[in-house]
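Participant: Sending over entry_27.csv (CSV, C-alpha atoms and all ligand atoms).
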chain,number,residue,atom,x,y,z
A,17,MET,CA,0.0,0.0,0.0
A,18,ASN,CA,1.2,3.4,-0.9
A,19,ALA,CA,-0.8,5.9,1.2
A,20,PRO,CA,0.2,9.6,0.7
A,21,ALA,CA,2.0,11.6,3.3
A,22,SER,CA,0.1,14.7,2.0
A,23,ILE,CA,-2.8,14.8,-0.4
A,24,ASN,CA,-2.4,16.5,-3.7
A,25,PHE,CA,-6.0,17.7,-4.2
A,26,SER,CA,-6.9,21.4,-4.2
A,27,HIS,CA,-10.3,21.4,-5.9
A,28,ARG,CA,-13.4,22.8,-4.1
A,29,HIS,CA,-15.8,20.4,-5.9
A,30,LEU,CA,-15.6,17.0,-7.6
A,31,LEU,CA,-17.7,17.5,-10.7
A,32,ARG,CA,-15.8,15.5,-13.3
A,33,ILE,CA,-12.7,13.4,-14.0
A,34,GLU,CA,-11.9,15.4,-17.1
A,35,GLY,CA,-9.1,17.8,-16.2
A,36,LEU,CA,-7.8,15.9,-13.1
A,37,SER,CA,-4.1,15.2,-13.3
A,38,VAL,CA,-2.3,12.0,-12.7
A,39,PRO,CA,-1.0,13.0,-9.2
A,40,GLU,CA,-4.6,14.1,-8.2
A,41,ILE,CA,-6.0,10.8,-9.4
A,42,ASN,CA,-3.2,8.8,-7.7
A,43,ALA,CA,-3.8,10.8,-4.5
A,44,LEU,CA,-7.4,9.8,-4.3
A,45,LEU,CA,-6.7,6.2,-5.2
A,46,ASP,CA,-3.9,6.0,-2.6
A,47,LEU,CA,-6.1,7.4,0.1
A,48,ALA,CA,-9.0,5.1,-0.9
A,49,ASP,CA,-6.6,2.1,-0.6
A,50,THR,CA,-6.2,3.1,3.1
A,51,TYR,CA,-9.9,3.3,3.6
A,52,VAL,CA,-10.4,-0.2,2.1
A,53,GLU,CA,-8.4,-1.5,5.1
A,54,VAL,CA,-10.5,0.6,7.5
A,55,ASN,CA,-13.7,-0.8,6.0
A,56,ARG,CA,-12.5,-4.4,6.5
A,57,GLN,CA,-12.0,-3.9,10.3
A,58,VAL,CA,-14.7,-4.6,12.9
A,59,GLU,CA,-14.4,-1.0,14.2
A,60,LYS,CA,-14.9,1.2,11.1
A,61,LYS,CA,-15.8,4.5,12.6
A,62,GLN,CA,-13.4,7.4,12.2
A,63,SER,CA,-13.7,11.0,13.5
A,64,VAL,CA,-12.0,12.7,10.5
A,65,LEU,CA,-15.3,14.5,9.5
A,66,ARG,CA,-16.8,14.9,13.0
A,67,GLY,CA,-19.0,18.1,13.1
A,68,ARG,CA,-19.4,18.2,9.3
A,69,THR,CA,-22.8,17.9,7.6
A,70,GLN,CA,-23.3,15.9,4.3
A,71,ILE,CA,-26.6,16.1,2.4
A,72,ASN,CA,-27.2,13.5,-0.3
A,73,LEU,CA,-29.6,14.9,-2.9
A,74,PHE,CA,-30.6,12.4,-5.5
A,75,PHE,CA,-33.0,13.4,-8.3
A,76,GLU,CA,-32.5,10.0,-9.9
A,77,SER,CA,-32.8,6.5,-8.4
A,78,SER,CA,-29.7,4.8,-7.0
A,79,THR,CA,-28.7,1.8,-5.0
A,80,ARG,CA,-24.9,1.7,-4.9
A,81,THR,CA,-24.0,5.3,-5.1
A,82,ARG,CA,-26.4,6.7,-2.5
A,83,THR,CA,-25.9,3.9,0.0
A,84,SER,CA,-22.1,4.0,-0.3
A,85,PHE,CA,-22.0,7.8,0.1
A,86,GLU,CA,-24.1,7.5,3.2
A,87,LEU,CA,-21.9,4.8,4.6
A,88,ALA,CA,-18.8,6.8,3.6
A,89,GLY,CA,-19.9,9.9,5.4
A,90,LYS,CA,-21.0,8.1,8.5
A,91,ARG,CA,-17.8,6.0,8.8
A,92,LEU,CA,-15.9,9.3,8.7
A,93,GLY,CA,-18.0,10.7,11.5
A,94,ALA,CA,-20.1,13.2,9.5
A,95,ASP,CA,-23.8,13.9,10.1
A,96,VAL,CA,-25.5,12.5,6.9
A,97,ILE,CA,-28.9,13.5,5.6
A,98,ASN,CA,-30.5,11.6,2.7
A,99,MET,CA,-33.0,13.8,0.9
A,100,SER,CA,-35.5,12.0,-1.2
A,101,VAL,CA,-36.9,14.0,-4.1
A,102,GLU,CA,-40.1,12.0,-3.8
A,103,GLY,CA,-40.8,13.4,-0.4
A,104,SER,CA,-39.5,16.9,-1.0
A,105,SER,CA,-41.0,20.2,-2.1
A,106,ILE,CA,-39.6,19.6,-5.6
A,107,LYS,CA,-42.9,17.6,-6.0
A,108,LYS,CA,-44.7,20.9,-5.3
A,109,GLY,CA,-42.9,22.7,-8.1
A,110,GLU,CA,-39.8,24.0,-6.3
A,111,THR,CA,-36.9,24.2,-8.7
A,112,MET,CA,-33.6,22.4,-8.3
A,113,ILE,CA,-31.8,25.7,-7.7
A,114,ASP,CA,-34.3,26.9,-5.1
A,115,THR,CA,-34.0,23.5,-3.4
A,116,ALA,CA,-30.2,23.8,-3.4
A,117,MET,CA,-30.3,27.4,-2.0
A,118,THR,CA,-32.7,26.3,0.7
A,119,LEU,CA,-30.4,23.5,1.7
A,120,ASN,CA,-27.4,25.9,1.5
A,121,ALA,CA,-29.0,28.1,4.1
A,122,MET,CA,-28.7,25.2,6.6
A,123,HIS,CA,-24.9,25.3,6.1
A,124,PRO,CA,-24.1,21.8,4.9
A,125,ASP,CA,-20.4,21.2,4.2
A,126,VAL,CA,-21.0,19.0,1.2
A,127,LEU,CA,-23.8,18.2,-1.1
A,128,VAL,CA,-23.7,14.9,-3.0
A,129,VAL,CA,-25.9,15.3,-6.0
A,130,ARG,CA,-27.3,13.1,-8.7
A,131,HIS,CA,-29.4,14.6,-11.5
A,132,HIS,CA,-30.9,13.3,-14.8
A,133,ASP,CA,-29.6,16.4,-16.8
A,134,SER,CA,-26.0,16.7,-17.9
A,135,GLY,CA,-24.5,19.9,-16.4
A,136,ALA,CA,-27.2,20.3,-13.6
A,137,VAL,CA,-24.8,19.4,-10.8
A,138,GLU,CA,-22.2,22.0,-12.0
A,139,LEU,CA,-24.9,24.6,-12.2
A,140,LEU,CA,-26.0,23.8,-8.6
A,141,SER,CA,-22.3,23.9,-7.4
A,142,GLN,CA,-22.3,27.6,-8.5
A,143,LYS,CA,-25.1,28.5,-6.1
A,144,VAL,CA,-23.9,26.9,-2.8
A,145,ASP,CA,-21.1,27.7,-0.3
A,146,GLY,CA,-20.0,24.1,0.4
A,147,ALA,CA,-18.4,21.4,-1.6
A,148,VAL,CA,-20.4,19.5,-4.3
A,149,ILE,CA,-19.7,16.0,-5.5
A,150,ASN,CA,-21.3,14.9,-8.7
A,151,ALA,CA,-22.9,11.5,-8.1
A,152,GLY,CA,-23.8,11.2,-11.8
A,153,ASP,CA,-25.3,13.9,-14.1
A,154,GLY,CA,-27.3,12.7,-17.2
A,155,SER,CA,-24.9,11.1,-19.7
A,156,HIS,CA,-22.1,13.5,-18.8
A,157,GLU,CA,-19.9,12.1,-15.9
A,158,HIS,CA,-19.9,9.9,-12.8
A,159,PRO,CA,-16.5,10.6,-11.4
A,160,THR,CA,-16.6,8.5,-8.2
A,161,GLN,CA,-17.6,5.4,-10.3
A,162,ALA,CA,-14.5,5.8,-12.5
A,163,LEU,CA,-12.3,6.2,-9.4
A,164,LEU,CA,-13.8,3.0,-7.9
A,165,ASP,CA,-13.3,1.2,-11.2
A,166,ALA,CA,-9.7,2.3,-11.3
A,167,LEU,CA,-9.1,1.3,-7.7
A,168,THR,CA,-10.5,-2.2,-8.4
A,169,ILE,CA,-8.3,-2.6,-11.5
A,170,ARG,CA,-5.2,-1.2,-9.8
A,171,ARG,CA,-5.5,-3.4,-6.7
A,172,ARG,CA,-5.8,-6.5,-9.0
A,173,ARG,CA,-3.1,-5.5,-11.6
A,174,HIS,CA,-0.9,-3.1,-9.5
A,175,LYS,CA,-1.0,-0.5,-12.3
A,176,LEU,CA,-3.2,1.2,-14.8
A,177,ALA,CA,-0.6,2.4,-17.4
A,178,GLY,CA,-0.2,0.0,-20.3
A,179,LEU,CA,-3.4,-2.0,-19.6
A,180,VAL,CA,-6.0,-2.6,-22.3
A,181,VAL,CA,-9.5,-1.9,-21.1
A,182,ALA,CA,-12.6,-2.5,-23.2
A,183,ILE,CA,-15.8,-0.5,-22.5
A,184,CYS,CA,-18.7,-2.3,-24.2
A,185,GLY,CA,-22.3,-1.5,-24.9
A,186,ASP,CA,-24.4,1.6,-24.5
A,187,VAL,CA,-21.5,4.1,-24.5
A,188,LEU,CA,-23.7,6.8,-26.0
A,189,HIS,CA,-25.9,7.3,-22.8
A,190,SER,CA,-23.2,6.3,-20.3
A,191,ARG,CA,-21.7,8.8,-17.9
A,192,VAL,CA,-19.7,5.9,-16.5
A,193,ALA,CA,-18.1,5.4,-19.9
A,194,ARG,CA,-17.2,9.0,-20.2
A,195,SER,CA,-15.6,9.3,-16.8
A,196,ASN,CA,-13.7,6.0,-17.3
A,197,ILE,CA,-12.4,7.1,-20.7
A,198,HIS,CA,-11.0,10.3,-19.2
A,199,LEU,CA,-9.5,8.6,-16.2
A,200,LEU,CA,-8.0,5.6,-18.0
A,201,THR,CA,-6.5,7.6,-20.9
A,202,THR,CA,-5.1,10.1,-18.4
A,203,MET,CA,-3.4,7.2,-16.5
A,204,GLY,CA,-1.9,5.7,-19.7
A,205,ALA,CA,-4.2,2.8,-20.3
A,206,GLU,CA,-5.4,1.8,-23.8
A,207,VAL,CA,-9.1,2.2,-23.9
A,208,ARG,CA,-11.3,0.5,-26.5
A,209,VAL,CA,-15.0,1.2,-26.9
A,210,ILE,CA,-17.1,-1.6,-28.4
A,211,ALA,CA,-20.6,-0.9,-29.5
A,212,PRO,CA,-22.9,-0.8,-32.5
A,213,PRO,CA,-22.7,2.6,-34.3
A,214,THR,CA,-26.1,3.6,-32.9
A,215,LEU,CA,-24.8,3.4,-29.3
A,216,LEU,CA,-21.6,5.5,-29.8
A,217,PRO,CA,-21.3,9.3,-29.4
A,218,ARG,CA,-20.3,11.1,-32.5
A,219,PHE,CA,-16.5,11.8,-32.6
A,220,VAL,CA,-15.9,9.4,-29.7
A,221,ASP,CA,-12.5,8.7,-31.2
A,222,ARG,CA,-11.5,12.2,-30.4
A,223,LEU,CA,-11.5,11.2,-26.7
A,224,GLY,CA,-8.4,9.1,-27.4
A,225,VAL,CA,-10.1,5.6,-27.6
A,226,LYS,CA,-10.0,2.9,-30.3
A,227,VAL,CA,-13.4,2.1,-31.7
A,228,PHE,CA,-14.7,-1.4,-32.5
A,229,HIS,CA,-18.0,-2.6,-33.8
A,230,ASP,CA,-17.0,-6.3,-33.8
A,231,MET,CA,-16.9,-7.4,-30.1
A,232,LYS,CA,-14.7,-10.4,-30.7
A,233,ARG,CA,-12.0,-8.3,-32.4
A,234,GLY,CA,-12.3,-5.5,-29.8
A,235,LEU,CA,-11.8,-7.9,-26.9
A,236,GLU,CA,-8.5,-9.4,-28.3
A,237,ASP,CA,-5.9,-9.5,-25.4
A,238,CYS,CA,-7.9,-7.1,-23.1
A,239,ASP,CA,-7.0,-6.9,-19.4
A,240,ALA,CA,-10.4,-5.7,-18.3
A,241,ILE,CA,-13.8,-5.7,-19.8
A,242,MET,CA,-16.4,-3.1,-18.6
A,243,MET,CA,-19.9,-4.0,-19.6
A,244,LEU,CA,-22.6,-1.3,-19.7
A,245,ARG,CA,-26.3,-1.5,-19.3
A,246,LEU,CA,-28.7,-0.5,-22.1
A,247,GLN,CA,-30.1,2.7,-20.7
A,248,THR,CA,-33.6,2.5,-22.2
A,249,GLU,CA,-34.8,5.3,-19.9
A,250,ARG,CA,-32.6,7.7,-21.8
A,251,MET,CA,-33.5,6.3,-25.3
A,252,HIS,CA,-36.2,7.9,-27.5
A,253,GLY,CA,-36.9,5.3,-30.2
A,254,ALA,CA,-35.2,2.0,-31.0
A,255,PHE,CA,-31.3,1.9,-30.8
A,256,VAL,CA,-31.0,-1.9,-31.2
A,257,PRO,CA,-33.2,-4.2,-33.4
A,258,SER,CA,-34.0,-6.6,-30.5
A,259,ILE,CA,-32.6,-7.6,-27.1
A,260,ARG,CA,-32.0,-11.1,-28.5
A,261,GLU,CA,-29.9,-9.8,-31.4
A,262,TYR,CA,-28.1,-7.3,-29.1
A,263,PHE,CA,-27.0,-10.1,-26.8
A,264,HIS,CA,-25.9,-12.2,-29.7
A,265,PHE,CA,-23.5,-9.5,-31.0
A,266,TYR,CA,-22.7,-7.4,-27.9
A,267,GLY,CA,-23.6,-9.5,-24.8
A,268,LEU,CA,-20.5,-10.8,-23.0
A,269,ASP,CA,-20.6,-14.7,-23.1
A,270,LYS,CA,-18.0,-17.4,-22.7
A,271,GLU,CA,-17.1,-17.4,-26.4
A,272,LYS,CA,-16.4,-13.7,-26.6
A,273,LEU,CA,-14.6,-13.7,-23.3
A,274,ALA,CA,-12.1,-16.3,-24.6
A,275,ARG,CA,-10.7,-13.6,-26.9
A,276,ALA,CA,-9.5,-11.5,-23.9
A,277,LYS,CA,-6.5,-12.4,-21.7
A,278,PRO,CA,-7.0,-15.6,-19.7
A,279,ASP,CA,-7.2,-13.6,-16.5
A,280,ALA,CA,-9.2,-10.7,-17.8
A,281,LEU,CA,-11.4,-8.9,-15.3
A,282,ILE,CA,-15.1,-8.7,-15.9
A,283,MET,CA,-16.6,-5.4,-14.6
A,284,HIS,CA,-20.0,-3.8,-14.5
A,285,PRO,CA,-21.0,-0.6,-12.7
A,286,GLY,CA,-24.5,-1.9,-12.1
A,287,PRO,CA,-27.4,-2.1,-12.1
A,288,MET,CA,-26.9,-5.2,-14.3
A,289,ASN,CA,-29.4,-6.7,-16.8
A,290,ARG,CA,-28.5,-10.4,-16.8
A,291,GLY,CA,-29.0,-11.9,-20.3
A,292,VAL,CA,-29.1,-8.5,-22.0
A,293,GLU,CA,-25.5,-7.2,-21.8
A,294,ILE,CA,-23.9,-10.1,-19.8
A,295,ASP,CA,-24.4,-13.8,-19.5
A,296,THR,CA,-25.6,-14.5,-16.0
A,297,VAL,CA,-23.0,-17.3,-15.3
A,298,LEU,CA,-20.1,-14.9,-16.2
A,299,ALA,CA,-21.5,-12.2,-14.0
A,300,ASP,CA,-20.9,-14.5,-11.0
A,301,ASP,CA,-17.8,-16.2,-12.3
A,302,ILE,CA,-15.3,-15.9,-9.4
A,303,ASP,CA,-12.3,-16.4,-11.7
A,304,HIS,CA,-13.1,-13.3,-13.7
A,305,SER,CA,-15.9,-11.1,-12.2
A,306,VAL,CA,-15.0,-8.3,-9.9
A,307,ILE,CA,-18.4,-6.8,-9.8
A,308,ARG,CA,-18.9,-7.2,-6.1
A,309,GLU,CA,-15.4,-5.9,-5.4
A,310,GLN,CA,-16.3,-2.7,-7.4
A,311,VAL,CA,-19.2,-2.2,-4.9
A,312,GLU,CA,-16.8,-2.6,-2.0
A,313,MET,CA,-14.3,-0.1,-3.5
A,314,GLY,CA,-17.1,2.4,-3.9
A,315,VAL,CA,-17.3,3.0,-0.2
A,316,ALA,CA,-13.6,3.5,0.2
A,317,VAL,CA,-13.4,5.8,-2.8
A,318,ARG,CA,-16.2,7.9,-1.6
A,319,MET,CA,-14.6,8.2,1.9
A,320,ALA,CA,-11.4,9.3,0.1
A,321,CYS,CA,-13.3,12.0,-1.9
A,322,LEU,CA,-15.1,13.4,1.2
A,323,HIS,CA,-11.8,13.4,3.1
A,324,ALA,CA,-9.9,15.2,0.3
A,325,LEU,CA,-12.6,17.8,-0.3
A,326,LEU,CA,-13.6,18.5,3.3
A,327,LEU,CA,-10.4,18.5,5.3
A,328,PRO,CA,-8.3,21.6,5.3
A,329,ALA,CA,-5.2,20.9,3.2
A,330,ALA,CA,-2.9,21.2,6.2
A,331,ASN,CA,-4.7,18.5,8.1
A,332,ARG,CA,-5.1,16.0,5.3
A,333,GLY,CA,-1.7,14.3,5.3
A,334,ALA,CA,-1.5,14.3,9.1
A,335,ASN,CA,-4.9,12.5,9.3
A,336,VAL,CA,-3.8,9.9,6.8
A,337,GLU,CA,-0.5,9.3,8.8
A,338,ARG,CA,-2.5,8.9,12.0
A,339,LEU,CA,-4.8,6.5,10.2
A,340,ARG,CA,-1.9,4.5,8.8
A,341,SER,CA,-0.2,4.3,12.2
A,342,ALA,CA,-3.5,3.1,13.8
A,343,LEU,CA,-3.9,0.4,11.1
A,344,PHE,CA,-0.4,-0.7,10.5
A,345,GLY,CA,1.7,0.5,13.4
A,346,PRO,CA,4.3,3.3,13.4
B,1,LIG,N1,-23.2,2.4,-10.6
B,1,LIG,C1,-24.2,3.2,-10.1
B,1,LIG,O1,-24.2,4.4,-10.2
B,1,LIG,O2,-25.2,2.5,-9.5
B,1,LIG,P1,-26.5,3.1,-8.8
B,1,LIG,O3,-27.4,3.8,-9.9
B,1,LIG,O4,-27.2,2.0,-8.1
B,1,LIG,O5,-26.0,4.2,-7.9
Please re-express this file's structure in structure tokens.
Ligand code: CP
Facilitator:
Amino acid sequence: MNAPASINFSHRHLLRIEGLSVPEINALLDLADTYVEVNRQVEKKQSVLRGRTQINLFFESSTRTRTSFELAGKRLGADVINMSVEGSSIKKGETMIDTAMTLNAMHPDVLVVRHHDSGAVELLSQKVDGAVINAGDGSHEHPTQALLDALTIRRRRHKLAGLVVAICGDVLHSRVARSNIHLLTTMGAEVRVIAPPTLLPRFVDRLGVKVFHDMKRGLEDCDAIMMLRLQTERMHGAFVPSIREYFHFYGLDKEKLARAKPDALIMHPGPMNRGVEIDTVLADDIDHSVIREQVEMGVAVRMACLHALLLPAANRGANVERLRSALFGP
């Protein structure tokens, strides 16, 4: 483990991966590595964020991201409020900005926000005094998902540079794909996107990826395969002829997996549609699938992001050192 003595992260918000530097990404991953060990202890509670208030504001449904942000905040000692849009005054017509400014008046230290529109979280961040973490905005970015994916790969392969990672399926609607493309290319991995032309953004090759429409060719010698869900809720009209045909050409099955490296990692951000983008046996294949590990890494990465954003710079490294000493001895 390579935990940082100081944390190189000076941003007020975490809105996107695009623009983060290699040292900044490494700092968050190194810190998250330490929190993986904390989360595997019986006693998980830390006091790093005691006295801080975190509000989770989700305009879109979520299982993994919301739960892990709640756990992350609580394990760091923060007071965490989950605001459900269903039970809020948004249902009475209050706008997102008025809601954000109302919450801001209660002096939260951090708002964790998911919204169905690309750019909405950034807009909100301009109206509040505390830090804002983007928990997924439309098809734009999902920065903490890319960080947890990177941590999962790095812990298995001990590096990111030089690896070949395939991102397969509905790239067009995927904020996970965009954040992963930015992170992995920044860190020196080769990124391949594999999808039918209807499910790829225009000019995706300008993001520094290799484009494949033939999945078997695209998977040749890959180190990791990230499967994506068909996001039918963001589709207007038909993007694939049928689910059956889609699975035949773009679903991950044993035959297609055989083209990748023998120890290739199978990844999925969830929620997963078994039998649509991934064969159900492969999803649970303990020799390849790291899907549950991704969920575990999600809590650690979100603890690292809260720590890096909320602790004054001068205290960050000292806190990590104290944590390391408590875990591993002086
Ligand atoms: N990967 C992910 O964002 O999952 P949730 O929608 O369940 O949060």
Participant: Which residues are near Arg32 (chain A)? Cut-off 10 Å, all atoms listed in the file, ignore same chain within fewer than 4 positions. Put them as an MDAnalysis selection string.
Facilitator: chainID A and resid 36 138 149:153 156:160 162 194:195 198:199
Participant: Could you list, with a cut-off of 6 Å and counting only C-alpha atoms and all ligand atoms, the residues of chain A near ligand LIG 1 (chain B), each shown with its nearest atom pair and the distance in Å rounded to one decimal, rows sorted by chain and ascending number, as CSV?
Facilitator:
residue,atom,partner,partner_atom,distance
A:Ser78,CA,B:LIG1,O3,3.8
A:Thr79,CA,B:LIG1,O4,3.4
A:Arg80,CA,B:LIG1,O4,4.0
A:Thr81,CA,B:LIG1,O5,3.6
A:Arg82,CA,B:LIG1,O5,6.0
A:Pro285,CA,B:LIG1,N1,4.3
A:Gly286,CA,B:LIG1,N1,4.7
A:Pro287,CA,B:LIG1,O2,5.7
Participant: Here is a test: counting only C-alpha atoms, which residue of A:Glu206, A:Glu261, A:Glu309, A:Glu271 is nearest to Asp239 (chain A)?
Facilitator: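 Between A:Glu206, A:Glu261, A:Glu309, A:Glu271, the residue approaching Asp239 (chain A) most closely is A:Glu206.
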Participant: Pick out the residues sitting within 7 Å of Phe74 (chain A), and hand them over as a list in words; count only C-alpha atoms, and ignore anything fewer than 2 positions along from it in its own chain.
Facilitator: Asn72, Glu76, Ser77, Met99, Ser100, Val101, Val129, Arg130 and His131 of chain A
Participant: Using all atoms listed in the file, which of the listed residues (A:Leu273, A:Leu167, A:Ile282, A:Leu65) sits closest to Val96 (chain A)?
Facilitator: A:Leu65
Participant: Find the distance between CA of Asn289 (chain A) and CA of Leu45 (chain A) and write it in Å to one decimal.
Facilitator: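 Interatomic distance, CA of Asn289 (chain A) to CA of Leu45 (chain A): 28.6 Å.
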Participant: Distance CA of Gly314 (chain A)-CA of Glu86 (chain A), one decimal place?
Facilitator: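 Taking CA of Gly314 (chain A) as the start and CA of Glu86 (chain A) as the end point, the length is 11.2 Å.
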Participant: Got a sec: who's within 12 Å of Glu40 (chain A), counting only C-alpha atoms, leaving out chain neighbours fewer than 5 positions off, as a list in words?
Facilitator: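 Those residues are Pro20, Ser22, Ile23, Asn24, Phe25, Ser26, His27, Leu30, Ile33, Glu34, Gly35, Leu45, Asp46, Leu47, Leu163, Leu199, Thr202, Met203, Ala320, Cys321, Ala324 and Leu325 of chain A.
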Participant: With distances taken over all atoms listed in the file, which residue among A:Leu92, A:Val297, A:Ala274, A:Val64 lies nearest Ala334 (chain A)?
Facilitator: A:Val64
Participant: Could you name the residues that touch Leu268 (chain A) at 7 Å or less, counting all atoms listed in the file, but leaving out those on the same chain fewer than 6 positions away, as an NGL selection string?
Facilitator: :A and (293-295)
Participant: Closest to Leu176 (chain A) among A:Gly204, A:Pro212, A:Gly154, A:Gly224, using all atoms listed in the file?
Facilitator: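 Among the listed residues, the smallest separation from Leu176 (chain A) belongs to A:Gly204.
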Participant: Write out as number ranges by chain each polymer residue whose atoms come within 10 Å of Lys272 (chain A), counting only C-alpha atoms; drop sequence neighbours fewer than 2 positions from it.
Facilitator: A: 231-236, 265-270, 274-276
Participant: To one decimal place in Å, what is the distance between CA of Val317 (chain A) and CA of Leu140 (chain A)?
Facilitator: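 Separation between CA of Val317 (chain A) and CA of Leu140 (chain A): 22.7 Å.
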Participant: Hey, which of A:Arg68, A:His252, A:Lys90, A:Lys143 ends up closest to Thr115 (chain A)? Count only C-alpha atoms.
Facilitator: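 With only C-alpha atoms as the atom set, the closest residue is A:Lys143.
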Participant: Restricting the calculation to all atoms listed in the file, which member of A:Met251, A:Val311, A:Leu139, A:Ile169 is positioned closest to Leu188 (chain A)?
Facilitator: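 Residue with the minimum atom-to-atom distance to Leu188 (chain A): A:Met251.
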